[in-house]
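Quick look at protein03.txt (compact mmCIF, C-alpha atoms):
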```
# COMPACT_ATOMS: atom_id res chain seq x y z
CA MET A 1 -61.16 -67.40 -1.86
CA PRO A 2 -57.81 -68.53 -0.45
CA ILE A 3 -56.98 -67.97 3.19
CA ILE A 4 -54.69 -64.95 3.53
CA SER A 5 -51.63 -65.82 5.62
CA ARG A 6 -51.16 -62.92 7.99
CA GLY A 7 -47.74 -61.36 7.63
CA PHE A 8 -46.63 -63.41 4.64
CA LYS A 9 -44.82 -61.31 2.08
CA GLY A 10 -43.09 -63.82 -0.14
CA ARG A 11 -39.85 -63.45 -1.97
CA ARG A 12 -40.57 -61.78 -5.26
CA GLY A 13 -36.91 -61.81 -6.30
CA ASP A 14 -37.00 -64.14 -9.20
CA ASP A 15 -37.38 -62.02 -12.31
CA ALA A 16 -38.83 -64.87 -14.27
CA PRO A 17 -41.58 -63.89 -16.67
CA ARG A 18 -44.64 -65.19 -14.85
CA ASP A 19 -46.23 -66.50 -18.02
CA ARG A 20 -43.49 -69.12 -18.21
CA VAL A 21 -43.98 -70.35 -14.66
CA PRO A 22 -46.93 -72.69 -14.06
CA PRO A 23 -49.19 -72.01 -11.07
CA GLY A 24 -47.80 -72.92 -7.66
CA GLN A 25 -44.23 -73.20 -8.93
CA TYR A 26 -41.07 -71.28 -8.05
CA VAL A 27 -38.06 -70.83 -10.29
CA THR A 28 -34.79 -72.44 -9.31
CA ASP A 29 -31.27 -72.28 -10.71
CA ASP A 30 -30.59 -75.59 -9.02
CA PHE A 31 -31.30 -78.96 -10.59
CA PRO A 32 -32.84 -80.93 -7.70
CA VAL A 33 -32.84 -84.71 -7.72
CA LEU A 34 -35.82 -86.65 -6.51
CA SER A 35 -36.28 -90.34 -6.99
CA ALA A 36 -37.93 -93.30 -5.42
CA GLY A 37 -34.91 -95.40 -4.69
CA PRO A 38 -31.19 -95.80 -5.32
CA THR A 39 -29.74 -94.57 -8.63
CA PRO A 40 -29.27 -97.40 -11.14
CA HIS A 41 -25.97 -97.61 -13.00
CA THR A 42 -26.36 -99.58 -16.20
CA PRO A 43 -23.24 -100.11 -18.28
CA LEU A 44 -23.73 -99.03 -21.87
CA ASP A 45 -22.86 -102.45 -23.26
CA GLN A 46 -25.84 -103.83 -21.32
CA TRP A 47 -28.21 -101.01 -22.23
CA ASP A 48 -30.91 -101.27 -24.84
CA PHE A 49 -34.08 -99.42 -25.70
CA ALA A 50 -37.19 -101.33 -26.75
CA ILE A 51 -40.59 -100.52 -28.16
CA GLY A 52 -43.15 -103.23 -27.57
CA GLY A 53 -46.64 -104.00 -26.39
CA GLU A 54 -49.45 -103.36 -28.85
CA VAL A 55 -47.23 -103.28 -31.92
CA ASP A 56 -46.95 -105.60 -34.90
CA GLU A 57 -43.22 -105.89 -34.47
CA PRO A 58 -41.22 -105.01 -31.37
CA LEU A 59 -38.17 -102.82 -31.97
CA ARG A 60 -34.88 -102.73 -30.15
CA TRP A 61 -31.74 -100.56 -30.28
CA SER A 62 -28.41 -101.10 -28.59
CA TRP A 63 -26.66 -98.00 -27.25
CA ASP A 64 -24.59 -97.62 -30.40
CA GLU A 65 -27.63 -98.07 -32.61
CA PHE A 66 -29.57 -95.57 -30.52
CA ARG A 67 -26.78 -92.99 -30.72
CA ALA A 68 -26.57 -93.42 -34.45
CA LEU A 69 -30.14 -92.15 -34.79
CA PRO A 70 -30.57 -88.48 -35.70
CA SER A 71 -30.75 -86.36 -32.56
CA GLU A 72 -31.43 -82.73 -31.85
CA SER A 73 -30.70 -80.09 -29.27
CA ILE A 74 -33.68 -78.53 -27.51
CA THR A 75 -34.09 -75.82 -24.91
CA VAL A 76 -37.14 -76.22 -22.71
CA ASP A 77 -38.61 -75.23 -19.37
CA ILE A 78 -39.24 -78.07 -16.94
CA SER A 79 -41.52 -78.26 -13.94
CA CYS A 80 -41.40 -80.76 -11.10
CA VAL A 81 -44.49 -81.57 -9.06
CA THR A 82 -42.46 -80.69 -5.96
CA LYS A 83 -42.89 -77.05 -6.99
CA TRP A 84 -39.64 -76.14 -8.70
CA THR A 85 -39.44 -74.96 -12.27
CA LYS A 86 -36.24 -74.61 -14.20
CA LEU A 87 -36.15 -72.39 -17.28
CA ASP A 88 -34.16 -72.82 -20.46
CA THR A 89 -32.74 -76.26 -19.81
CA ILE A 90 -30.68 -77.58 -22.70
CA TRP A 91 -30.93 -81.20 -23.73
CA GLU A 92 -29.87 -83.39 -26.58
CA GLY A 93 -31.97 -86.37 -27.53
CA VAL A 94 -33.65 -88.52 -30.11
CA PRO A 95 -37.24 -87.44 -30.82
CA VAL A 96 -39.71 -90.14 -29.81
CA ASP A 97 -41.25 -89.58 -33.25
CA ALA A 98 -38.06 -91.03 -34.76
CA LEU A 99 -38.25 -94.09 -32.52
CA LEU A 100 -41.90 -94.64 -33.37
CA LYS A 101 -41.37 -94.16 -37.08
CA GLY A 102 -42.95 -97.00 -38.96
CA VAL A 103 -44.53 -98.47 -35.84
CA GLU A 104 -48.04 -99.71 -36.58
CA THR A 105 -50.35 -99.62 -33.61
CA SER A 106 -53.90 -99.04 -32.50
CA ALA A 107 -52.71 -98.27 -29.00
CA GLU A 108 -53.47 -94.82 -27.58
CA TYR A 109 -51.30 -95.00 -24.50
CA LEU A 110 -47.91 -96.16 -23.40
CA THR A 111 -45.99 -97.10 -20.29
CA ALA A 112 -42.35 -96.05 -20.10
CA PHE A 113 -40.32 -98.65 -18.21
CA CYS A 114 -36.94 -98.09 -16.62
CA ASP A 115 -33.98 -99.56 -14.82
CA GLY A 116 -34.81 -99.84 -11.13
CA GLY A 117 -38.45 -100.64 -11.93
CA TYR A 118 -39.84 -97.14 -12.35
CA THR A 119 -42.74 -96.70 -14.73
CA THR A 120 -44.90 -93.85 -15.90
CA ASN A 121 -47.85 -93.75 -18.28
CA LEU A 122 -48.68 -91.28 -21.03
CA PRO A 123 -51.10 -90.89 -23.90
CA LEU A 124 -49.32 -91.63 -27.18
CA ALA A 125 -50.45 -88.22 -28.41
CA ASP A 126 -48.32 -86.61 -25.69
CA VAL A 127 -45.05 -88.09 -26.91
CA THR A 128 -45.52 -87.59 -30.64
CA ASP A 129 -45.52 -84.57 -32.96
CA GLY A 130 -42.40 -83.11 -31.48
CA LYS A 131 -43.47 -83.27 -27.85
CA ALA A 132 -40.98 -85.78 -26.44
CA TRP A 133 -37.44 -87.09 -26.71
CA VAL A 134 -35.21 -89.78 -25.29
CA ALA A 135 -32.48 -87.49 -23.99
CA PHE A 136 -28.86 -88.53 -23.43
CA ALA A 137 -27.19 -85.19 -22.78
CA TYR A 138 -27.96 -82.29 -20.48
CA ASP A 139 -26.30 -78.89 -20.65
CA GLY A 140 -23.76 -80.09 -23.16
CA GLU A 141 -22.59 -83.12 -21.15
CA PRO A 142 -23.60 -86.79 -21.13
CA LEU A 143 -26.58 -87.18 -18.81
CA GLU A 144 -25.43 -88.13 -15.30
CA PRO A 145 -26.95 -91.19 -13.60
CA GLU A 146 -28.40 -88.98 -10.86
CA HIS A 147 -30.41 -87.13 -13.48
CA GLY A 148 -31.44 -90.23 -15.33
CA GLY A 149 -28.43 -91.15 -17.42
CA PRO A 150 -27.53 -92.81 -19.70
CA ALA A 151 -30.92 -91.79 -21.12
CA ARG A 152 -34.23 -90.50 -19.87
CA LEU A 153 -37.55 -89.69 -21.39
CA LEU A 154 -38.07 -85.95 -21.80
CA VAL A 155 -41.66 -84.68 -21.94
CA PRO A 156 -41.41 -81.01 -20.95
CA HIS A 157 -45.09 -80.10 -21.23
CA LEU A 158 -46.01 -82.37 -18.31
CA TYR A 159 -44.73 -82.55 -14.71
CA PHE A 160 -41.26 -83.95 -14.74
CA TRP A 161 -42.10 -87.28 -13.12
CA LYS A 162 -43.38 -88.18 -16.58
CA SER A 163 -39.86 -87.64 -17.96
CA ALA A 164 -38.84 -91.06 -16.77
CA LYS A 165 -35.23 -91.44 -15.70
CA TRP A 166 -33.18 -94.48 -16.75
CA VAL A 167 -35.75 -95.25 -19.45
CA ARG A 168 -35.30 -98.56 -21.25
CA GLY A 169 -38.34 -98.58 -23.46
CA LEU A 170 -41.96 -97.86 -24.19
CA ARG A 171 -44.75 -100.42 -23.95
CA LEU A 172 -47.73 -99.35 -26.03
CA THR A 173 -51.06 -100.09 -24.37
CA GLU A 174 -54.74 -99.94 -25.26
CA THR A 175 -55.65 -98.41 -21.93
CA ASP A 176 -54.04 -95.83 -19.66
CA GLU A 177 -52.25 -97.87 -16.98
CA PRO A 178 -51.13 -95.92 -13.94
CA GLY A 179 -47.37 -96.07 -13.46
CA PHE A 180 -45.36 -95.73 -10.27
CA TRP A 181 -46.26 -92.28 -8.99
CA GLU A 182 -49.70 -92.46 -10.59
CA SER A 183 -50.33 -95.49 -8.38
CA ASN A 184 -49.04 -93.61 -5.36
CA GLY A 185 -51.41 -90.65 -5.32
CA TYR A 186 -50.18 -88.56 -8.21
CA HIS A 187 -52.30 -87.42 -11.15
CA ILE A 188 -52.75 -89.74 -14.13
CA TYR A 189 -51.93 -86.99 -16.66
CA GLY A 190 -49.94 -84.26 -14.90
CA ASP A 191 -50.46 -80.95 -16.73
CA PRO A 192 -48.58 -78.27 -14.74
CA TRP A 193 -50.70 -75.49 -16.27
CA GLN A 194 -53.78 -77.02 -14.71
CA GLU A 195 -51.87 -77.94 -11.54
CA GLN A 196 -52.71 -81.60 -11.97
CA ARG A 197 -50.41 -82.80 -9.21
CA TYR A 198 -52.45 -85.42 -7.38
CA TRP A 199 -55.42 -87.73 -7.98
CA GLY A 200 -58.57 -85.67 -7.88
CA ASP A 201 -56.97 -82.47 -9.17
CA MET B 1 -45.73 -74.30 18.03
CA TRP B 2 -42.44 -74.96 19.74
CA ALA B 3 -38.74 -74.92 18.97
CA GLU B 4 -36.94 -78.20 18.45
CA THR B 5 -33.52 -76.63 17.83
CA ASN B 6 -32.50 -73.08 17.11
CA ARG B 7 -33.34 -73.49 13.44
CA VAL B 8 -36.17 -75.97 13.63
CA LYS B 9 -39.72 -75.54 14.87
CA THR B 10 -42.71 -77.83 15.11
CA LEU B 11 -46.11 -76.42 14.29
CA ALA B 12 -49.13 -78.28 15.62
CA LEU B 13 -52.05 -77.61 13.32
CA ASP B 14 -55.76 -78.02 13.81
CA VAL B 15 -56.91 -79.13 10.38
CA GLN B 16 -60.61 -79.08 9.56
CA ASP B 17 -61.83 -82.40 8.18
CA TRP B 18 -58.38 -83.97 8.23
CA PRO B 19 -58.87 -87.44 6.68
CA GLY B 20 -56.02 -89.04 8.58
CA HIS B 21 -52.62 -89.98 7.23
CA ARG B 22 -49.87 -92.58 7.30
CA ALA B 23 -46.48 -91.96 8.85
CA GLY B 24 -44.08 -90.83 6.14
CA GLN B 25 -46.58 -88.80 4.14
CA HIS B 26 -46.31 -85.08 3.61
CA VAL B 27 -48.51 -82.06 3.07
CA ASP B 28 -48.36 -79.11 0.71
CA VAL B 29 -48.56 -75.80 2.54
CA ARG B 30 -49.82 -72.78 0.60
CA LEU B 31 -49.35 -69.24 1.79
CA THR B 32 -51.19 -66.28 0.29
CA ALA B 33 -50.04 -62.69 0.76
CA ASP B 34 -52.42 -59.71 0.95
CA ASP B 35 -52.02 -58.99 -2.74
CA GLY B 36 -52.81 -62.56 -3.75
CA TYR B 37 -49.20 -63.69 -4.27
CA GLN B 38 -48.89 -67.35 -3.37
CA ALA B 39 -46.11 -69.76 -2.53
CA GLN B 40 -46.35 -73.50 -1.92
CA ARG B 41 -43.93 -75.98 -0.40
CA SER B 42 -44.10 -79.54 0.84
CA TYR B 43 -43.41 -80.59 4.44
CA SER B 44 -43.31 -84.05 5.94
CA ILE B 45 -45.82 -84.78 8.67
CA ALA B 46 -44.03 -85.40 11.96
CA SER B 47 -46.94 -86.75 13.96
CA PRO B 48 -48.19 -90.32 13.77
CA ALA B 49 -51.70 -91.14 12.60
CA GLY B 50 -54.56 -90.68 15.01
CA GLY B 51 -53.30 -87.68 16.92
CA PRO B 52 -55.48 -84.62 17.56
CA ARG B 53 -53.33 -82.35 15.46
CA VAL B 54 -51.17 -82.53 12.37
CA GLU B 55 -47.62 -81.65 13.35
CA LEU B 56 -45.11 -80.31 10.86
CA THR B 57 -41.47 -79.91 11.78
CA VAL B 58 -39.90 -77.20 9.65
CA GLU B 59 -36.26 -76.22 9.32
CA ARG B 60 -35.61 -72.56 8.65
CA ILE B 61 -33.74 -72.18 5.38
CA ASP B 62 -31.96 -68.82 5.43
CA ASP B 63 -32.94 -67.63 1.98
CA GLY B 64 -36.10 -69.67 1.85
CA GLU B 65 -39.47 -68.25 0.98
CA VAL B 66 -41.83 -70.30 3.11
CA SER B 67 -39.75 -71.76 5.95
CA PRO B 68 -38.72 -68.38 7.44
CA TYR B 69 -42.41 -67.44 7.55
CA LEU B 70 -43.43 -70.71 9.21
CA THR B 71 -40.60 -70.72 11.75
CA GLU B 72 -40.38 -67.03 12.62
CA GLU B 73 -43.47 -65.12 11.64
CA ALA B 74 -46.35 -67.54 12.14
CA HIS B 75 -47.90 -67.75 15.58
CA ALA B 76 -50.83 -69.46 17.25
CA GLY B 77 -54.09 -68.50 15.61
CA ASP B 78 -52.65 -67.97 12.17
CA ARG B 79 -54.20 -69.82 9.27
CA PHE B 80 -52.87 -71.15 6.02
CA GLU B 81 -53.89 -73.74 3.50
CA LEU B 82 -52.85 -77.35 3.59
CA ARG B 83 -53.21 -80.02 0.94
CA GLY B 84 -52.80 -83.65 1.73
CA PRO B 85 -51.82 -86.08 2.91
CA VAL B 86 -49.68 -86.83 -0.10
CA GLY B 87 -47.61 -89.84 -0.96
CA GLY B 88 -48.19 -93.57 -0.93
CA TYR B 89 -44.65 -94.77 -1.37
CA PHE B 90 -42.48 -93.49 1.46
CA VAL B 91 -44.82 -94.69 4.20
CA TRP B 92 -44.45 -96.83 7.30
CA ASP B 93 -45.32 -100.46 6.76
CA PRO B 94 -46.78 -101.94 9.93
CA ASP B 95 -45.90 -105.43 8.77
CA PRO B 96 -42.55 -105.30 6.97
CA GLY B 97 -41.69 -108.93 7.62
CA GLY B 98 -38.24 -108.25 9.02
CA PRO B 99 -35.97 -105.60 10.50
CA VAL B 100 -36.34 -102.00 9.37
CA LEU B 101 -33.55 -99.52 8.85
CA LEU B 102 -34.23 -95.79 8.99
CA VAL B 103 -31.42 -93.43 7.91
CA GLY B 104 -31.95 -89.71 8.31
CA GLY B 105 -29.75 -86.72 7.59
CA GLY B 106 -30.57 -83.39 9.24
CA SER B 107 -34.24 -82.52 8.85
CA GLY B 108 -34.62 -85.73 6.86
CA VAL B 109 -35.35 -87.30 10.22
CA VAL B 110 -38.84 -85.75 10.24
CA PRO B 111 -40.78 -88.41 8.28
CA LEU B 112 -38.70 -91.08 9.99
CA MET B 113 -39.74 -89.67 13.36
CA ALA B 114 -43.36 -89.97 12.29
CA MET B 115 -42.60 -93.63 11.66
CA VAL B 116 -40.87 -94.07 15.03
CA ARG B 117 -43.84 -92.43 16.74
CA GLN B 118 -46.28 -94.57 14.77
CA ARG B 119 -44.40 -97.68 15.78
CA ALA B 120 -44.57 -96.61 19.43
CA THR B 121 -48.28 -95.76 19.22
CA ASN B 122 -48.99 -99.17 17.72
CA HIS B 123 -46.88 -100.91 20.41
CA ASP B 124 -44.99 -102.44 17.52
CA VAL B 125 -41.94 -104.49 18.30
CA VAL B 126 -40.50 -104.94 14.80
CA PRO B 127 -36.72 -104.56 15.19
CA THR B 128 -36.02 -101.04 13.95
CA ARG B 129 -32.79 -99.13 13.79
CA LEU B 130 -32.64 -95.39 13.31
CA LEU B 131 -29.33 -93.97 12.16
CA TYR B 132 -29.51 -90.20 12.49
CA SER B 133 -26.81 -87.92 11.16
CA ALA B 134 -26.66 -84.33 12.43
CA ARG B 135 -23.96 -81.69 12.42
CA THR B 136 -23.86 -81.14 16.19
CA LEU B 137 -25.74 -82.36 19.23
CA GLU B 138 -27.65 -79.05 19.28
CA ASP B 139 -28.94 -79.82 15.78
CA VAL B 140 -30.46 -83.14 16.81
CA ILE B 141 -34.21 -82.75 16.51
CA TYR B 142 -36.44 -84.61 19.01
CA ARG B 143 -33.43 -85.42 21.12
CA ASP B 144 -35.17 -85.97 24.45
CA GLU B 145 -37.96 -87.99 22.92
CA LEU B 146 -35.50 -90.19 21.08
CA GLU B 147 -33.60 -90.79 24.30
CA ARG B 148 -36.85 -91.88 25.97
CA TYR B 149 -37.65 -94.27 23.12
CA ARG B 150 -34.16 -95.67 23.29
CA LYS B 151 -34.65 -96.62 26.94
CA ARG B 152 -37.89 -98.44 26.31
CA GLY B 153 -36.12 -101.54 25.04
CA ASP B 154 -38.91 -102.49 22.66
CA GLY B 155 -36.67 -103.28 19.71
CA LEU B 156 -35.95 -99.72 18.60
CA GLU B 157 -32.27 -98.84 18.46
CA ILE B 158 -30.99 -95.35 17.81
CA VAL B 159 -27.52 -94.51 16.58
CA PHE B 160 -26.41 -90.91 16.23
CA THR B 161 -23.50 -89.60 14.29
CA LEU B 162 -22.44 -85.99 14.80
CA THR B 163 -20.41 -84.97 11.82
CA ARG B 164 -19.20 -81.43 12.47
CA GLU B 165 -18.72 -81.07 16.21
CA GLN B 166 -19.08 -83.43 19.15
CA PRO B 167 -19.44 -82.71 22.86
CA PRO B 168 -16.30 -83.44 24.93
CA ASP B 169 -17.70 -86.65 26.43
CA TRP B 170 -19.06 -87.98 23.16
CA THR B 171 -18.50 -91.70 22.68
CA GLY B 172 -20.67 -92.07 19.60
CA TYR B 173 -19.86 -91.82 15.89
CA SER B 174 -18.59 -88.71 14.21
CA ARG B 175 -18.10 -89.82 10.65
CA ARG B 176 -20.44 -89.19 7.75
CA VAL B 177 -22.84 -91.97 6.94
CA ASP B 178 -20.65 -93.86 4.53
CA ARG B 179 -20.13 -97.45 3.61
CA GLN B 180 -17.90 -98.08 6.60
CA LEU B 181 -20.39 -96.73 9.10
CA LEU B 182 -23.27 -98.56 7.47
CA SER B 183 -21.37 -101.83 7.48
CA LYS B 184 -21.24 -101.52 11.27
CA VAL B 185 -24.67 -100.11 11.95
CA ALA B 186 -27.07 -101.41 9.32
CA PRO B 187 -28.79 -104.74 9.93
CA ASP B 188 -27.49 -107.35 7.47
CA ASP B 189 -30.64 -107.80 5.51
CA PRO B 190 -33.36 -105.31 6.36
CA ALA B 191 -36.83 -106.08 5.08
CA LEU B 192 -37.23 -102.37 4.39
CA THR B 193 -34.98 -99.32 4.48
CA PHE B 194 -36.07 -95.68 4.45
CA VAL B 195 -33.47 -93.01 3.70
CA CYS B 196 -34.36 -89.32 3.95
CA GLY B 197 -32.42 -86.10 3.85
CA PRO B 198 -30.65 -83.75 1.45
CA THR B 199 -30.00 -85.23 -1.97
CA PRO B 200 -26.23 -85.75 -1.64
CA PHE B 201 -26.79 -87.54 1.68
CA VAL B 202 -29.47 -89.81 0.27
CA GLU B 203 -27.45 -90.52 -2.85
CA ALA B 204 -24.37 -91.48 -0.84
CA VAL B 205 -26.28 -93.64 1.63
CA ALA B 206 -28.34 -95.46 -0.99
CA GLU B 207 -25.28 -96.15 -3.07
CA ALA B 208 -23.34 -97.39 -0.03
CA LEU B 209 -26.16 -99.73 0.98
CA VAL B 210 -26.40 -101.17 -2.52
CA GLY B 211 -22.62 -101.53 -2.49
CA LEU B 212 -22.90 -103.54 0.73
CA GLY B 213 -25.27 -105.90 -0.99
CA HIS B 214 -28.59 -104.53 0.20
CA GLU B 215 -31.49 -105.18 -2.14
CA SER B 216 -32.15 -102.04 -4.15
CA SER B 217 -35.89 -102.55 -4.41
CA ARG B 218 -36.22 -102.55 -0.64
CA ILE B 219 -34.56 -99.17 -0.20
CA LYS B 220 -36.98 -96.27 -0.26
CA THR B 221 -35.62 -92.78 -0.60
CA GLU B 222 -36.98 -89.33 -0.04
CA ARG B 223 -34.76 -86.47 -0.96
CA PHE B 224 -35.26 -82.89 0.00
CA GLY B 225 -33.01 -80.02 0.49
CA PRO B 226 -32.84 -76.31 0.78
CA THR B 227 -33.50 -75.58 -2.87
CA GLY B 228 -35.18 -72.28 -2.21
CA GLY B 229 -37.78 -73.66 0.19
```
In structure tokens, write the structure found in this file.
Amino acid sequence: MPIISRGFKGRRGDDAPRDRVPPGQYVTDDFPVLSAGPTPHTPLDQWDFAIGGEVDEPLRWSWDEFRALPSESITVDISCVTKWTKLDTIWEGVPVDALLKGVETSAEYLTAFCDGGYTTNLPLADVTDGKAWVAFAYDGEPLEPEHGGPARLLVPHLYFWKSAKWVRGLRLTETDEPGFWESNGYHIYGDPWQEQRYWGD
Amino acid sequence: MWAETNRVKTLALDVQDWPGHRAGQHVDVRLTADDGYQAQRSYSIASPAGGPRVELTVERIDDGEVSPYLTEEAHAGDRFELRGPVGGYFVWDPDPGGPVLLVGGGSGVVPLMAMVRQRATNHDVVPTRLLYSARTLEDVIYRDELERYRKRGDGLEIVFTLTREQPPDWTGYSRRVDRQLLSKVAPDDPALTFVCGPTPFVEAVAEALVGLGHESSRIKTERFGPTGG
């Protein structure tokens, strides 16, 4: 039984359909930026994307090679652990399924690694079967560095810290290895519908 | 609770079974209305570890949902739910191994003040510089306390910059925290830098520091802003 806060009314203004807003979240029209350090700026001619770790053969794409892969436009709702949810965000990206095509592995997890040193971990099952992309455009424009450009991981069904900004590759792992925020008190999995914000949730 | 400025209040909370915290961490506050409607927001803890109460300093955001309640409606005796402490990254390091730079914009000074207070409580003498950007002198939170710390001469230096309006006898800075200001105020090679404030402020400061040659991995940022909170 939660404690009732005397006199609190709340702002019920946002007409968002509540079934699209995970518990504890509010809807914003803004696109807030939160990150654990300065924004990296990697020139495209120095950028590459790699798949390695528990694979028979590591894979690597330059920016041009990456952009030559088939991509798709998706519209998704995103939720940040800091309580904001943004509905109907439009992205363009390469499905992670396409990047993992032909990859032989017994690994069940991965760590996404990024410019600036950020990492986050995910079960492989949460980035396959149409659940994740490496996104390079937001709202019809090339993804800005502040929001993770040139490319970020996009995994809309989990809290947005899993959608690693400035992603440079995926390292497939046998075990679930806590990444940056996961090592700093945040939940290892991060399902917004179960409010898995912090360790112990 | 007490007012820090005309928009900012500090609430001192008695928290049952509070496990303790580290300066720089925050809490999630959850409010529940009579009909069960709930809203949650995060607030940085202003008090250092070990104090009798958990202090939160909250800025009233005009169209916010939680901050107007906390700063205007809530009074002594009221209860609400708290989750925390949260965060293991943006926290005071008692042994940084070199000078520390703290850069705060507006209410971004709150977690940095927890660090300054922690440093004082620990009788720490690590050279620390706080660069605090506010719009006017009236907007400076913790002004008297910061003046007292400044006079202690224990290695803490405080530099203010008032960006919108300065008092007539002001001899301090009035420019935004940009590369030029940082080149004058920042230590050459801090062991650790903490930057906190609204996103555009943090973005500009972090970028300027990196541009001045500061090591990126030693700059910790916390961005918050009035996005509906």
Give me the residues near Tyr186 in chain A as a tab-separated table (two decimals) with C-alpha atoms, in the frame of the given file, where near means some atom within 9 Å (using only C-alpha atoms) and where sequence neighbours in that chain fewer than 2 positions away do not count.
```
chain	number	residue	atom	x	y	z
A	180	PHE	CA	-45.36	-95.73	-10.27
A	181	TRP	CA	-46.26	-92.28	-8.99
A	182	GLU	CA	-49.70	-92.46	-10.59
A	183	SER	CA	-50.33	-95.49	-8.38
A	184	ASN	CA	-49.04	-93.61	-5.36
A	188	ILE	CA	-52.75	-89.74	-14.13
A	189	TYR	CA	-51.93	-86.99	-16.66
A	190	GLY	CA	-49.94	-84.26	-14.90
A	196	GLN	CA	-52.71	-81.60	-11.97
A	197	ARG	CA	-50.41	-82.80	-9.21
A	198	TYR	CA	-52.45	-85.42	-7.38
A	199	TRP	CA	-55.42	-87.73	-7.98
A	200	GLY	CA	-58.57	-85.67	-7.88
B	86	VAL	CA	-49.68	-86.83	-0.10
B	87	GLY	CA	-47.61	-89.84	-0.96
```
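The nearest approach to Phe90 in chain B among the residues B:Arg179, B:Arg135, B:His26, B:His123, with all atoms listed in the file taken into account, belongs to B:His26.
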Legend entry - All residues 10 Å or closer to His214 in chain B, only C-alpha atoms, same chain fewer than 2 positions away omitted, as a list of chain:residue names: B:Ala186, B:Pro187, B:Asp188, B:Asp189, B:Pro190, B:Ala191, B:Leu192, B:Thr193, B:Ala206, B:Glu207, B:Ala208, B:Leu209, B:Val210, B:Gly211, B:Leu212, B:Ser216, B:Ser217, B:Arg218, B:Ile219
What's the 6 Å shell around range 161-169 of chain A, counting only C-alpha atoms, without same-chain residues fewer than 2 positions away, as a short mmCIF file (atom, residue, chain, number, x, y, z; two decimals) with C-alpha atoms, in the frame of the given file?
```
data_model
loop_
_atom_site.label_atom_id
_atom_site.label_comp_id
_atom_site.auth_asym_id
_atom_site.auth_seq_id
_atom_site.Cartn_x
_atom_site.Cartn_y
_atom_site.Cartn_z
CA PHE A 49 -34.08 -99.42 -25.70
CA ALA A 50 -37.19 -101.33 -26.75
CA ILE A 51 -40.59 -100.52 -28.16
CA ALA A 112 -42.35 -96.05 -20.10
CA PHE A 113 -40.32 -98.65 -18.21
CA CYS A 114 -36.94 -98.09 -16.62
CA ASP A 115 -33.98 -99.56 -14.82
CA THR A 120 -44.90 -93.85 -15.90
CA GLY A 148 -31.44 -90.23 -15.33
CA GLY A 149 -28.43 -91.15 -17.42
CA ALA A 151 -30.92 -91.79 -21.12
CA ARG A 152 -34.23 -90.50 -19.87
CA LEU A 153 -37.55 -89.69 -21.39
CA LEU A 154 -38.07 -85.95 -21.80
CA VAL A 155 -41.66 -84.68 -21.94
CA TYR A 159 -44.73 -82.55 -14.71
#
```
Inset, instruction - Define the interface residues of chain A facing chain B as those within 7 Å, counting all atoms listed in the file, and report them as number ranges by chain. - result: A: 3-11, 24, 30, 33-38, 83, 184-185
